[in-house]
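See below for the structure under consideration.
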Amino acid sequence: MTHHSSEPDTETRAAASGAESELSPEARLSRLESQVATLAGAVRALAHGLENVPAEDTPPEEAAKGARLAHELLLSQGL
């Protein structure tokens with residue numbers, strides 16, 4: 001079984017840190033804003049998938065769909 005960590009590996013973090021230090025403050029702010037927007041979208045997808053879970057008439061696939069969409073959003077932005 002493959003274990004997927006939620007944390008980037010050491011090489012990925014080091015590369016990102018090096019690339020980040022080469023960016024201008026404006027570029028870093030723009031990148032941060034984009035990451036926050038992506039995280040907000042992921043949280044919305046999770047919330048939407050979970051909002052009706054306690055109800056008996058809501059299929060459990062809705063929660064899985066929300067989680068899958070959130071995960072795909074994060075992966076698409078390298079988060």
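Every chain in the structure tokens has a letter given in the order shown (A, B, ...), and although residue numbers restart at 1 in each chain, ligands are simply numbered from 1 in the order shown.
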
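Residue neighbourhood of stretch 28-42 of chain A, excluding near-sequence residues (fewer than 5 positions): Glu20, Leu23, Ala70, Leu73 and Leu74 of chain A, at 7 Å, using only C-alpha atoms.
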
Next, the residues of the selection above should be written as a PDB file, in the first residue's frame with C-alpha atoms.
ATOM      1  CA  GLU A  20      10.256  31.552  -3.449  1.00  0.00           C
ATOM      2  CA  LEU A  23      10.546  36.102  -6.427  1.00  0.00           C
ATOM      3  CA  ALA A  70     -11.064  19.484  -2.770  1.00  0.00           C
ATOM      4  CA  LEU A  73      -8.116  21.487  -6.453  1.00  0.00           C
ATOM      5  CA  LEU A  74      -5.164  21.291  -4.096  1.00  0.00           C
TER       6      LEU A  74
END

Between atom CA of A:Leu69 and atom CA of A:Asn52, distance in Å (one decimal)
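Spanning atom CA of A:Leu69 to atom CA of A:Asn52 is a straight-line distance of 16.5 Å.
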